[in-house]
>>> print(open('entry03.txt').read())   # compact mmCIF, C-alpha atoms
# COMPACT_ATOMS: atom_id res chain seq x y z
CA TYR A 792 32.59 168.33 275.42
CA VAL A 793 29.20 169.75 274.46
CA HIS A 794 28.40 169.90 270.77
CA VAL A 795 25.95 172.71 269.95
CA VAL A 796 24.59 172.33 266.43
CA THR A 797 22.53 174.98 264.64
CA VAL A 798 20.46 173.83 261.70
CA CYS A 799 18.88 176.39 259.36
CA PRO A 800 16.46 174.94 256.76
CA SER A 801 16.73 178.07 254.60
CA HIS A 802 20.45 177.48 253.99
CA THR A 803 20.77 174.08 252.36
CA SER A 804 23.07 172.51 249.84
CA PRO A 805 22.28 169.63 247.51
CA THR A 806 25.50 167.97 248.65
CA SER A 807 25.96 168.96 252.25
CA GLY A 808 22.35 169.46 253.39
CA PRO A 809 21.36 171.93 256.12
CA LEU A 810 23.85 174.49 257.33
CA ARG A 811 25.23 173.53 260.74
CA HIS A 812 27.23 175.50 263.28
CA THR A 813 29.15 173.48 265.87
CA VAL A 814 30.56 174.84 269.10
CA LEU A 815 32.79 172.78 271.38
CA LEU A 816 32.47 173.69 275.05
CA GLN A 817 34.98 171.97 277.31
CA SER A 818 34.32 171.24 280.96
CA PRO A 819 37.11 170.00 283.20
CA SER A 820 34.79 167.69 285.10
CA ILE A 821 32.23 166.55 282.51
CA ALA A 822 33.15 163.93 279.97
CA ILE A 823 29.76 163.30 278.35
CA GLU A 824 28.63 164.43 274.90
CA THR A 825 25.34 166.23 274.30
CA MET A 826 23.81 167.81 271.21
CA VAL A 827 21.62 170.92 271.36
CA HIS A 828 19.76 171.81 268.19
CA VAL A 829 18.66 175.34 267.41
CA GLU A 830 15.29 174.98 265.78
CA MET A 831 14.54 177.42 262.99
CA SER A 832 11.15 178.59 261.83
CA LYS A 833 10.10 178.35 258.22
CA PRO A 834 11.00 181.44 256.17
CA ASP A 835 8.51 184.23 256.79
CA GLN A 836 7.00 186.51 254.15
CA PHE A 837 10.33 188.32 253.87
CA GLY A 838 12.34 185.11 253.55
CA GLN A 839 13.81 185.34 257.04
CA CYS A 840 14.08 182.43 259.49
CA HIS A 841 13.77 182.87 263.24
CA PRO A 842 15.54 180.57 265.71
CA THR A 843 13.99 179.18 268.86
CA GLU A 844 16.02 180.46 271.79
CA THR A 845 16.77 178.41 274.89
CA PRO A 846 19.07 179.19 277.84
CA GLU A 847 21.43 176.45 276.67
CA VAL A 848 21.65 177.85 273.14
CA LEU A 849 22.16 181.42 274.34
CA LYS A 850 24.96 180.38 276.68
CA ALA A 851 26.68 178.31 274.00
CA LYS A 852 26.37 180.97 271.30
CA LEU A 853 27.68 183.73 273.55
CA LYS A 854 30.68 181.52 274.28
CA GLU A 855 31.18 180.97 270.55
CA PHE A 856 30.79 184.73 269.97
CA HIS A 857 33.64 185.47 272.38
CA ASP A 858 35.76 182.77 270.77
CA GLU A 859 35.19 184.29 267.33
CA LEU A 860 36.14 187.73 268.61
CA SER A 861 39.43 186.37 269.93
CA LYS A 862 40.25 184.97 266.48
CA LEU A 863 40.02 188.37 264.77
CA PRO A 864 43.26 190.34 264.22
CA LEU A 865 44.24 192.39 267.26
CA LYS A 866 44.48 195.55 265.15
CA SER A 867 40.85 195.23 264.05
CA ARG A 868 39.78 195.00 267.70
CA ASP A 869 41.37 198.29 268.71
CA SER A 870 38.02 200.13 269.06
CA LEU A 871 36.51 197.24 271.00
CA ILE A 872 39.47 197.15 273.38
CA LYS A 873 38.99 200.87 274.04
CA ALA A 874 35.30 200.30 274.71
CA ASP A 875 36.09 197.46 277.08
CA ILE A 876 38.32 199.83 279.05
CA LYS A 877 36.16 202.95 278.97
CA CYS A 878 32.61 201.56 279.15
CA PRO A 879 32.70 197.89 280.23
CA GLU A 880 29.21 198.25 281.73
CA LEU A 881 27.80 198.73 278.20
CA LEU A 882 29.40 195.56 276.85
CA ASN A 883 27.12 193.12 278.66
CA ASP A 884 25.70 189.87 277.31
CA ASP A 885 22.31 191.44 276.55
CA PHE A 886 23.99 193.94 274.25
CA LYS A 887 26.11 191.28 272.55
CA LEU A 888 23.01 189.16 272.08
CA ARG A 889 21.60 191.83 269.76
CA PHE A 890 24.40 191.09 267.30
CA LEU A 891 23.87 187.33 267.51
CA ARG A 892 20.16 187.75 266.89
CA CYS A 893 20.80 190.06 263.99
CA GLU A 894 23.03 187.44 262.36
CA VAL A 895 20.67 184.56 263.26
CA PHE A 896 23.25 183.12 265.66
CA HIS A 897 26.09 182.91 263.13
CA ALA A 898 28.69 183.79 265.75
CA ASP A 899 31.44 184.57 263.24
CA ARG A 900 29.27 187.09 261.40
CA ALA A 901 28.02 188.56 264.68
CA ALA A 902 31.60 189.07 265.89
CA LYS A 903 32.56 190.89 262.68
CA ARG A 904 29.46 193.10 262.91
CA TYR A 905 30.27 193.87 266.54
CA ILE A 906 33.79 195.00 265.62
CA LYS A 907 32.49 197.09 262.72
CA TYR A 908 29.87 198.61 265.02
CA TRP A 909 32.43 199.92 267.49
CA ASN A 910 34.68 201.20 264.73
CA LYS A 911 31.76 203.06 263.18
CA ARG A 912 30.49 204.30 266.56
CA ILE A 913 33.82 206.00 267.26
CA GLN A 914 33.94 207.38 263.73
CA ILE A 915 30.46 208.92 264.00
CA PHE A 916 30.45 210.13 267.59
CA GLY A 917 34.15 210.74 268.16
CA PRO A 918 36.35 209.33 270.95
CA GLU A 919 34.86 211.64 273.57
CA LYS A 920 31.23 210.55 273.14
CA ALA A 921 31.38 207.10 271.60
CA PHE A 922 31.74 205.39 274.97
CA LEU A 923 28.84 207.21 276.61
CA PRO A 924 25.36 205.62 276.89
CA VAL A 925 23.08 206.11 273.86
CA THR A 926 20.85 208.52 275.76
CA GLN A 927 19.95 212.19 275.51
CA ASP A 928 21.88 212.91 278.69
CA GLY A 929 24.79 210.84 277.44
CA MET A 930 26.17 211.03 273.93
CA PHE A 931 23.31 213.28 272.72
CA ALA A 932 23.69 215.96 275.39
CA ASP A 933 24.55 218.61 272.79
CA ASN A 934 22.71 217.24 269.75
CA GLU A 935 19.11 217.46 270.91
CA GLY A 936 18.26 219.85 268.09
CA ALA A 937 19.00 217.33 265.37
CA LEU A 938 17.26 214.64 267.39
CA ALA A 939 14.09 216.74 267.59
CA LEU A 940 13.85 217.24 263.81
CA GLY A 941 12.15 213.90 263.22
CA LEU A 942 14.35 212.44 260.50
CA ALA A 943 13.69 209.03 262.07
CA THR A 944 11.19 207.87 264.70
CA ALA A 945 10.73 204.47 266.35
CA LEU A 946 6.96 204.06 266.30
CA SER A 947 4.97 202.68 269.20
CA VAL A 948 3.30 200.03 267.03
CA LYS A 949 4.42 196.61 265.82
CA ASP A 950 3.25 194.33 263.07
CA PRO A 951 1.42 191.09 264.01
CA ALA A 952 4.72 189.17 264.15
CA GLY A 953 6.23 191.64 266.63
CA ARG A 954 8.50 193.52 264.25
CA GLY A 955 9.34 197.07 265.22
CA VAL A 956 8.48 199.93 262.86
CA VAL A 957 10.76 202.88 262.13
CA LEU A 958 9.50 205.91 260.21
CA PHE A 959 12.06 207.77 258.11
CA ASP A 960 11.15 211.21 256.76
CA PRO A 961 13.91 212.76 254.60
CA SER A 962 11.94 216.00 254.32
CA LYS A 963 13.12 216.74 257.87
CA PHE A 964 16.75 217.02 256.81
CA ASP A 965 17.92 220.56 257.51
CA SER A 966 21.33 221.03 255.94
CA ALA A 967 21.34 224.74 256.76
CA ASN A 968 21.45 224.15 260.50
CA PHE A 969 22.68 220.59 260.98
CA SER A 970 25.53 218.57 259.57
CA ARG A 971 25.32 215.15 257.97
CA ILE A 972 27.05 213.60 260.94
CA GLN A 973 24.39 215.03 263.28
CA MET A 974 21.68 213.51 261.10
CA VAL A 975 23.38 210.10 261.15
CA GLN A 976 23.73 210.36 264.92
CA ALA A 977 19.98 211.00 265.21
CA PHE A 978 19.37 207.94 263.02
CA TRP A 979 21.54 205.81 265.32
CA TYR A 980 19.54 207.00 268.31
CA CYS A 981 16.28 205.92 266.67
CA VAL A 982 17.56 202.46 265.75
CA HIS A 983 18.90 201.92 269.26
CA ALA A 984 15.52 202.97 270.65
CA ALA A 985 13.75 200.40 268.47
CA LEU A 986 16.22 197.69 269.54
CA GLU A 987 15.43 198.16 273.22
CA ASP A 988 12.62 195.70 272.56
CA ASP A 989 13.66 192.03 272.62
CA THR A 990 11.03 190.97 270.08
CA THR A 991 12.23 193.59 267.62
CA GLN A 992 15.76 192.26 268.04
CA LYS A 993 14.50 188.78 267.17
CA LYS A 994 11.94 189.55 264.47
CA GLY A 995 13.48 192.61 262.87
CA ILE A 996 12.48 196.10 261.79
CA LEU A 997 10.08 197.35 259.14
CA ALA A 998 11.51 200.61 257.78
CA VAL A 999 8.84 202.90 256.36
CA ALA A 1000 10.18 205.89 254.43
CA CYS A 1001 7.98 208.80 253.42
CA PRO A 1002 9.79 211.23 251.11
CA LYS A 1003 6.41 212.69 250.11
CA HIS A 1004 7.27 216.26 251.13
CA SER A 1005 10.96 216.13 250.27
CA THR A 1006 12.51 218.52 247.80
CA PHE A 1007 15.25 217.73 245.34
CA SER A 1008 17.61 220.06 247.22
CA GLN A 1009 17.22 217.85 250.31
CA PHE A 1010 18.53 214.81 248.49
CA ASP A 1011 22.03 214.21 249.86
CA ARG A 1012 23.95 211.38 248.31
CA LYS A 1013 26.63 211.41 251.01
CA LEU A 1014 24.06 211.30 253.81
CA ASP A 1015 22.26 208.36 252.20
CA LYS A 1016 25.56 206.53 251.86
CA MET A 1017 26.46 207.17 255.51
CA ILE A 1018 23.10 205.82 256.66
CA MET A 1019 23.35 202.70 254.50
CA GLU A 1020 26.88 202.06 255.77
CA SER A 1021 25.46 202.12 259.30
CA ILE A 1022 22.66 199.68 258.48
CA GLN A 1023 24.61 197.15 256.46
CA GLY A 1024 26.93 195.03 258.57
CA CYS A 1025 27.11 197.52 261.44
CA LEU A 1026 24.02 198.31 263.55
CA PRO A 1027 22.53 195.08 264.99
CA ALA A 1028 19.20 195.48 263.24
CA ARG A 1029 17.51 192.91 260.98
CA ILE A 1030 15.87 195.01 258.27
CA CYS A 1031 12.93 192.98 257.00
CA CYS A 1032 11.57 195.48 254.51
CA ILE A 1033 12.06 199.08 253.38
CA ALA A 1034 8.75 200.48 252.18
CA ILE A 1035 9.20 203.76 250.31
CA CYS A 1036 5.80 205.44 250.32
CA HIS A 1037 4.67 208.28 248.08
CA PRO A 1038 8.02 208.92 246.35
CA PRO A 1039 8.27 212.41 244.80
CA SER A 1040 8.48 212.95 241.04
CA PHE A 1041 12.29 213.23 241.10
CA PHE A 1042 12.61 209.82 242.78
CA ARG A 1043 13.23 208.11 239.45
CA VAL A 1044 16.32 210.32 239.08
CA ILE A 1045 17.83 209.66 242.51
CA TRP A 1046 16.84 206.01 243.02
CA PRO A 1047 19.55 204.58 240.71
CA ILE A 1048 22.10 206.51 242.81
CA VAL A 1049 20.68 205.36 246.15
CA LYS A 1050 20.70 201.73 244.99
CA LEU A 1051 24.45 201.92 244.48
CA PHE A 1052 24.87 202.09 248.27
CA MET A 1053 22.78 198.98 248.87
CA SER A 1054 23.79 195.35 248.86
CA ASP A 1055 21.86 192.96 246.62
CA ARG A 1056 20.07 191.59 249.68
CA MET A 1057 19.03 195.06 250.83
CA ARG A 1058 17.80 196.06 247.37
CA LYS A 1059 15.56 193.01 247.30
CA ARG A 1060 13.92 194.17 250.53
CA VAL A 1061 12.83 197.51 249.06
CA ARG A 1062 9.24 198.11 248.00
CA VAL A 1063 8.25 201.36 246.30
CA LEU A 1064 4.60 202.19 246.94
CA CYS A 1065 3.01 204.82 244.71
CA GLY A 1066 -0.54 206.06 244.17
CA SER A 1067 -3.25 207.42 246.39
CA ASP A 1068 -3.21 207.22 250.18
CA GLU A 1069 -5.78 204.42 249.99
CA SER A 1070 -3.72 202.33 247.57
CA VAL A 1071 -0.49 202.80 249.54
CA VAL A 1072 -2.18 201.87 252.82
CA LYS A 1073 -3.65 198.82 251.11
CA GLU A 1074 -0.22 197.75 249.87
CA LEU A 1075 1.26 198.21 253.34
CA GLU A 1076 -1.14 195.54 254.55
CA SER A 1077 0.95 193.08 252.53
CA VAL A 1078 3.93 193.80 254.78
CA GLY A 1079 1.84 193.45 257.92
CA LEU A 1080 0.77 197.02 258.71
CA MET A 1081 -2.90 197.84 259.11
CA LYS A 1082 -4.30 201.33 258.60
CA GLU A 1083 -4.25 202.12 262.33
CA GLN A 1084 -0.52 201.28 262.37
CA VAL A 1085 0.30 203.53 259.43
CA PRO A 1086 1.26 207.19 260.15
CA GLU A 1087 -1.15 209.89 259.05
CA VAL A 1088 1.47 211.43 256.74
CA ILE A 1089 1.27 208.27 254.63
CA GLY A 1090 -2.51 207.91 254.74
CA GLY A 1091 -3.11 205.88 257.88
CA THR A 1092 -4.65 206.90 261.18
CA LEU A 1093 -1.63 206.66 263.49
CA LYS A 1094 -0.74 210.01 265.02
CA VAL A 1095 3.02 210.49 265.28
CA ASP A 1096 4.32 213.21 267.59
CA HIS A 1097 8.07 212.98 267.27
CA VAL A 1098 8.80 215.82 269.70
CA ALA A 1099 6.61 214.23 272.37
CA TRP A 1100 8.37 210.89 271.76
CA VAL A 1101 11.78 212.50 272.26
CA GLU A 1102 10.65 214.36 275.40
CA ALA A 1103 9.08 211.24 276.93
CA ARG A 1104 12.29 209.31 276.38
CA LYS A 1105 14.35 212.10 277.94
CA LYS A 1106 12.17 212.06 281.06
CA ALA A 1107 12.70 208.30 281.24
CA GLY A 1108 16.47 208.80 281.10
CA LYS A 1109 16.74 207.44 277.55
>>> encode(input="entry03.txt", output="structure tokens")
Amino acid sequence: YVHVVTVCPSHTSPTSGPLRHTVLLQSPSIAIETMVHVEMSKPDQFGQCHPTETPEVLKAKLKEFHDELSKLPLKSRDSLIKADIKCPELLNDDFKLRFLRCEVFHADRAAKRYIKYWNKRIQIFGPEKAFLPVTQDGMFADNEGALALGLATALSVKDPAGRGVVLFDPSKFDSANFSRIQMVQAFWYCVHAALEDDTTQKKGILAVACPKHSTFSQFDRKLDKMIMESIQGCLPARICCIAICHPPSFFRVIWPIVKLFMSDRMRKRVRVLCGSDESVVKELESVGLMKEQVPEVIGGTLKVDHVAWVEARKKAGK
């Protein structure tokens, strides 16, 4: 047997000490015992730990992930079973690894997120499109209009630690021409685009929201709830921080409602940045973004051309 033990210094107990995960891997021909420790970094500025990955750990954790999936009730795995039949090429180890990284290699949590992901994917995209690749020629073949609006964009920059940056602009929501479900689909596309990068999978995502030009009529409680349901326990994205920049005057009215859709952990990751462009850009430095990494709409110098980003990805088959 091979004992694989994960130790996370940020999860300790005065009685039991560090949190440990043990996986037993049986080999018919090997009768020796080995221990592989997953080393964890110290908590970063957002309180998140990052494991050191090795081939041995990845192999063991993927095995544990599959074991945890098999323990879940068969009924809850219905969507996953359909995916395994209709798009087995999408269910590779690299894709499953995103869920393990998101849950810091807690295989049981990763398995539950994976199941919830496929359930939600079918709910949002429908049984005809859910099993297609997350590309503009795949599941977004007839939703390019909503995708081009710019509700969410995966920026080309990263913070010094390698975290990906996603810009969210609620002023782009066009309820007259697009449904909520189309907006959520566009959001999914953006998050999947950001997660194409391995470092972003490991380090997480900085979400930068700019409701600066939003109107009260664009506030949609149901849409916000649908997006939060996708982020929390579903999409394999580690959200490090949500920086809300230049909130409009009516923000104090809607914020108590938006918070209702957030878990306690998610609420603690929110930072509301008010004031002049200079002061907001200065505050963004505290989350790792320099002025040249901050979009112009917020006060930085980064030019963001969402349409060009979408077109470039389409040409690349994404």
>>> axis_aligned_box(input="entry03.txt", around="range 1000-1011 of chain A", padding_each_side="3 Å", output="JSON")
{"center_x": 14.2, "center_y": 213.0, "center_z": 249.9, "size_x": 21.6, "size_y": 20.2, "size_z": 15.1}
>>> closest_residue(input="entry03.txt", among="A:Cys1031, A:Ala952, A:Ile996, A:Ile876", to="Gln839 in chain A", atoms="only C-alpha atoms")
A:Cys1031
>>> closest_residue(input="entry03.txt", among="A:Ala967, A:Ala984, A:Cys1001, A:Met1053", to="Asp1015 in chain A", atoms="all atoms listed in the file")
A:Met1053
>>> atom_distance(input="entry03.txt", atom1="CA of Ala985 in chain A", atom2="CA of Val956 in chain A")
7.7 Å
>>> closest_residue(input="entry03.txt", among="A:Ala902, A:Leu1093, A:Ala1000, A:Leu1014", to="Leu1064 in chain A", atoms="only C-alpha atoms")
A:Ala1000
>>> atom_distance(input="entry03.txt", atom1="CA of Ile1030 in chain A", atom2="CA of Ala998 in chain A")
7.1 Å
>>> atom_distance(input="entry03.txt", atom1="CA of Lys833 in chain A", atom2="CA of Thr991 in chain A")
18.0 Å
>>> closest_residue(input="entry03.txt", among="A:Phe1010, A:Phe837, A:Tyr980, A:Trp1046", to="Gln927 in chain A", atoms="only C-alpha atoms")
A:Tyr980
>>> closest_atom_pairs(input="entry03.txt", of="range 981-1089 of chain A", to="range 840-853 of chain A", cutoff="10 Å", atoms="all atoms listed in the file", output="CSV")
residue,atom,partner,partner_atom,distance
A:Lys993,CA,A:His841,CA,7.1
A:Lys994,CA,A:His841,CA,7.0
A:Gly995,CA,A:His841,CA,9.8
>>> closest_residue(input="entry03.txt", among="A:Gly1066, A:Gly1108, A:Gly1079, A:Pro1086", to="Pro951 in chain A", atoms="all atoms listed in the file")
A:Gly1079
>>> residues_around(input="entry03.txt", residues="Phe1042 in chain A", least_positions_apart="6", cutoff="12 Å", atoms="all atoms listed in the file", output="list in words")
Cys1001, Pro1002, Lys1003, His1004, Ser1005, Thr1006, Phe1007, Gln1009, Phe1010, Ile1035, Cys1036, Ile1048, Val1049, Lys1050, Val1063, Leu1064 and Cys1065 of chain A
>>> write_last_selection(input="entry03.txt", atoms="C-alpha atoms", output="PDB file, keeping the file's coordinate frame")
ATOM      1  CA  CYS A1001       7.980 208.800 253.420  1.00  0.00           C
ATOM      2  CA  PRO A1002       9.790 211.230 251.110  1.00  0.00           C
ATOM      3  CA  LYS A1003       6.410 212.690 250.110  1.00  0.00           C
ATOM      4  CA  HIS A1004       7.270 216.260 251.130  1.00  0.00           C
ATOM      5  CA  SER A1005      10.960 216.130 250.270  1.00  0.00           C
ATOM      6  CA  THR A1006      12.510 218.520 247.800  1.00  0.00           C
ATOM      7  CA  PHE A1007      15.250 217.730 245.340  1.00  0.00           C
ATOM      8  CA  GLN A1009      17.220 217.850 250.310  1.00  0.00           C
ATOM      9  CA  PHE A1010      18.530 214.810 248.490  1.00  0.00           C
ATOM     10  CA  ILE A1035       9.200 203.760 250.310  1.00  0.00           C
ATOM     11  CA  CYS A1036       5.800 205.440 250.320  1.00  0.00           C
ATOM     12  CA  ILE A1048      22.100 206.510 242.810  1.00  0.00           C
ATOM     13  CA  VAL A1049      20.680 205.360 246.150  1.00  0.00           C
ATOM     14  CA  LYS A1050      20.700 201.730 244.990  1.00  0.00           C
ATOM     15  CA  VAL A1063       8.250 201.360 246.300  1.00  0.00           C
ATOM     16  CA  LEU A1064       4.600 202.190 246.940  1.00  0.00           C
ATOM     17  CA  CYS A1065       3.010 204.820 244.710  1.00  0.00           C
TER      18      CYS A1065
END
>>> closest_residue(input="entry03.txt", among="A:Ala1107, A:Ala943, A:Cys1032, A:Val829", to="Lys963 in chain A", atoms="only C-alpha atoms")
A:Ala943
>>> residues_around(input="entry03.txt", residues="Asp928 in chain A", least_positions_apart="4", cutoff="10 Å", atoms="only C-alpha atoms", output="PyMOL selection string")
chain A and resi 923-924+932-935+1105+1108-1109
>>> residues_around(input="entry03.txt", residues="Ala1034 in chain A", least_positions_apart="6", cutoff="6 Å", atoms="all atoms listed in the file", output="number ranges by chain")
A: 999, 1061-1063
>>> write_last_selection(input="entry03.txt", atoms="C-alpha atoms", output="PDB file, keeping the file's coordinate frame")
ATOM      1  CA  VAL A 999       8.840 202.900 256.360  1.00  0.00           C
ATOM      2  CA  VAL A1061      12.830 197.510 249.060  1.00  0.00           C
ATOM      3  CA  ARG A1062       9.240 198.110 248.000  1.00  0.00           C
ATOM      4  CA  VAL A1063       8.250 201.360 246.300  1.00  0.00           C
TER       5      VAL A1063
END
>>> residues_around(input="entry03.txt", residues="Asp965 in chain A", least_positions_apart="5", cutoff="9 Å", atoms="only C-alpha atoms", output="list in words")
Ala937, Leu940, Ser970, Met974 and Gln1009 of chain A
>>> residues_around(input="entry03.txt", residues="Phe922 in chain A", least_positions_apart="2", cutoff="10 Å", atoms="only C-alpha atoms", output="PyMOL selection string")
chain A and resi 873-879+881+909+912-913+916-920+924-925+929-930
>>> closest_atom_pairs(input="entry03.txt", of="range 886-970 of chain A", to="range 1017-1029 of chain A", cutoff="7 Å", atoms="all atoms listed in the file", output="JSON lines")
{"residue": "A:Arg889", "atom": "CA", "partner": "A:Pro1027", "partner_atom": "CA", "distance": 5.8}
{"residue": "A:Phe890", "atom": "CA", "partner": "A:Pro1027", "partner_atom": "CA", "distance": 5.0}
{"residue": "A:Cys893", "atom": "CA", "partner": "A:Arg1029", "partner_atom": "CA", "distance": 5.3}
{"residue": "A:Arg904", "atom": "CA", "partner": "A:Cys1025", "partner_atom": "CA", "distance": 5.2}
{"residue": "A:Lys907", "atom": "CA", "partner": "A:Cys1025", "partner_atom": "CA", "distance": 5.5}
{"residue": "A:Tyr908", "atom": "CA", "partner": "A:Cys1025", "partner_atom": "CA", "distance": 4.6}
>>> build_atoms(input="entry03.txt", residues="range 897-914 of chain A", atoms="N, CA, C and O atoms", output="PDB file, in the coordinates of the input")
ATOM      1  N   HIS A 897      24.803 183.188 263.777  1.00  0.00           N
ATOM      2  CA  HIS A 897      26.090 182.910 263.130  1.00  0.00           C
ATOM      3  C   HIS A 897      27.124 183.714 263.914  1.00  0.00           C
ATOM      4  O   HIS A 897      27.306 184.917 263.674  1.00  0.00           O
ATOM      5  N   ALA A 898      27.790 183.085 264.835  1.00  0.00           N
ATOM      6  CA  ALA A 898      28.690 183.790 265.750  1.00  0.00           C
ATOM      7  C   ALA A 898      29.830 184.504 265.034  1.00  0.00           C
ATOM      8  O   ALA A 898      30.245 185.593 265.450  1.00  0.00           O
ATOM      9  N   ASP A 899      30.340 183.923 263.958  1.00  0.00           N
ATOM     10  CA  ASP A 899      31.440 184.570 263.240  1.00  0.00           C
ATOM     11  C   ASP A 899      30.984 185.877 262.603  1.00  0.00           C
ATOM     12  O   ASP A 899      31.678 186.897 262.663  1.00  0.00           O
ATOM     13  N   ARG A 900      29.797 185.869 262.019  1.00  0.00           N
ATOM     14  CA  ARG A 900      29.270 187.090 261.400  1.00  0.00           C
ATOM     15  C   ARG A 900      28.933 188.121 262.482  1.00  0.00           C
ATOM     16  O   ARG A 900      29.154 189.324 262.294  1.00  0.00           O
ATOM     17  N   ALA A 901      28.384 187.653 263.580  1.00  0.00           N
ATOM     18  CA  ALA A 901      28.020 188.560 264.680  1.00  0.00           C
ATOM     19  C   ALA A 901      29.271 189.241 265.238  1.00  0.00           C
ATOM     20  O   ALA A 901      29.246 190.438 265.552  1.00  0.00           O
ATOM     21  N   ALA A 902      30.357 188.504 265.362  1.00  0.00           N
ATOM     22  CA  ALA A 902      31.600 189.070 265.890  1.00  0.00           C
ATOM     23  C   ALA A 902      32.141 190.157 264.956  1.00  0.00           C
ATOM     24  O   ALA A 902      32.577 191.223 265.400  1.00  0.00           O
ATOM     25  N   LYS A 903      32.078 189.909 263.653  1.00  0.00           N
ATOM     26  CA  LYS A 903      32.560 190.890 262.680  1.00  0.00           C
ATOM     27  C   LYS A 903      31.674 192.146 262.702  1.00  0.00           C
ATOM     28  O   LYS A 903      32.173 193.271 262.584  1.00  0.00           O
ATOM     29  N   ARG A 904      30.370 191.946 262.836  1.00  0.00           N
ATOM     30  CA  ARG A 904      29.460 193.100 262.910  1.00  0.00           C
ATOM     31  C   ARG A 904      29.724 193.900 264.175  1.00  0.00           C
ATOM     32  O   ARG A 904      29.685 195.130 264.157  1.00  0.00           O
ATOM     33  N   TYR A 905      30.000 193.220 265.258  1.00  0.00           N
ATOM     34  CA  TYR A 905      30.270 193.870 266.540  1.00  0.00           C
ATOM     35  C   TYR A 905      31.520 194.751 266.453  1.00  0.00           C
ATOM     36  O   TYR A 905      31.533 195.885 266.939  1.00  0.00           O
ATOM     37  N   ILE A 906      32.555 194.232 265.809  1.00  0.00           N
ATOM     38  CA  ILE A 906      33.790 195.000 265.620  1.00  0.00           C
ATOM     39  C   ILE A 906      33.514 196.217 264.738  1.00  0.00           C
ATOM     40  O   ILE A 906      33.941 197.344 265.040  1.00  0.00           O
ATOM     41  N   LYS A 907      32.796 195.997 263.647  1.00  0.00           N
ATOM     42  CA  LYS A 907      32.490 197.090 262.720  1.00  0.00           C
ATOM     43  C   LYS A 907      31.628 198.141 263.412  1.00  0.00           C
ATOM     44  O   LYS A 907      31.783 199.340 263.162  1.00  0.00           O
ATOM     45  N   TYR A 908      30.735 197.691 264.284  1.00  0.00           N
ATOM     46  CA  TYR A 908      29.870 198.610 265.020  1.00  0.00           C
ATOM     47  C   TYR A 908      30.696 199.575 265.859  1.00  0.00           C
ATOM     48  O   TYR A 908      30.482 200.799 265.825  1.00  0.00           O
ATOM     49  N   TRP A 909      31.641 199.054 266.615  1.00  0.00           N
ATOM     50  CA  TRP A 909      32.430 199.920 267.490  1.00  0.00           C
ATOM     51  C   TRP A 909      33.358 200.825 266.694  1.00  0.00           C
ATOM     52  O   TRP A 909      33.597 201.983 267.068  1.00  0.00           O
ATOM     53  N   ASN A 910      33.866 200.337 265.588  1.00  0.00           N
ATOM     54  CA  ASN A 910      34.680 201.200 264.730  1.00  0.00           C
ATOM     55  C   ASN A 910      33.844 202.362 264.200  1.00  0.00           C
ATOM     56  O   ASN A 910      34.276 203.522 264.209  1.00  0.00           O
ATOM     57  N   LYS A 911      32.642 202.046 263.744  1.00  0.00           N
ATOM     58  CA  LYS A 911      31.760 203.060 263.180  1.00  0.00           C
ATOM     59  C   LYS A 911      31.251 204.000 264.273  1.00  0.00           C
ATOM     60  O   LYS A 911      31.096 205.213 264.045  1.00  0.00           O
ATOM     61  N   ARG A 912      30.988 203.480 265.448  1.00  0.00           N
ATOM     62  CA  ARG A 912      30.490 204.300 266.560  1.00  0.00           C
ATOM     63  C   ARG A 912      31.506 205.381 266.922  1.00  0.00           C
ATOM     64  O   ARG A 912      31.131 206.541 267.152  1.00  0.00           O
ATOM     65  N   ILE A 913      32.778 205.016 266.955  1.00  0.00           N
ATOM     66  CA  ILE A 913      33.820 206.000 267.260  1.00  0.00           C
ATOM     67  C   ILE A 913      33.966 206.994 266.114  1.00  0.00           C
ATOM     68  O   ILE A 913      34.157 208.194 266.324  1.00  0.00           O
ATOM     69  N   GLN A 914      33.829 206.495 264.893  1.00  0.00           N
ATOM     70  CA  GLN A 914      33.940 207.380 263.730  1.00  0.00           C
ATOM     71  C   GLN A 914      32.827 208.427 263.717  1.00  0.00           C
ATOM     72  O   GLN A 914      33.067 209.595 263.408  1.00  0.00           O
TER      73      GLN A 914
END
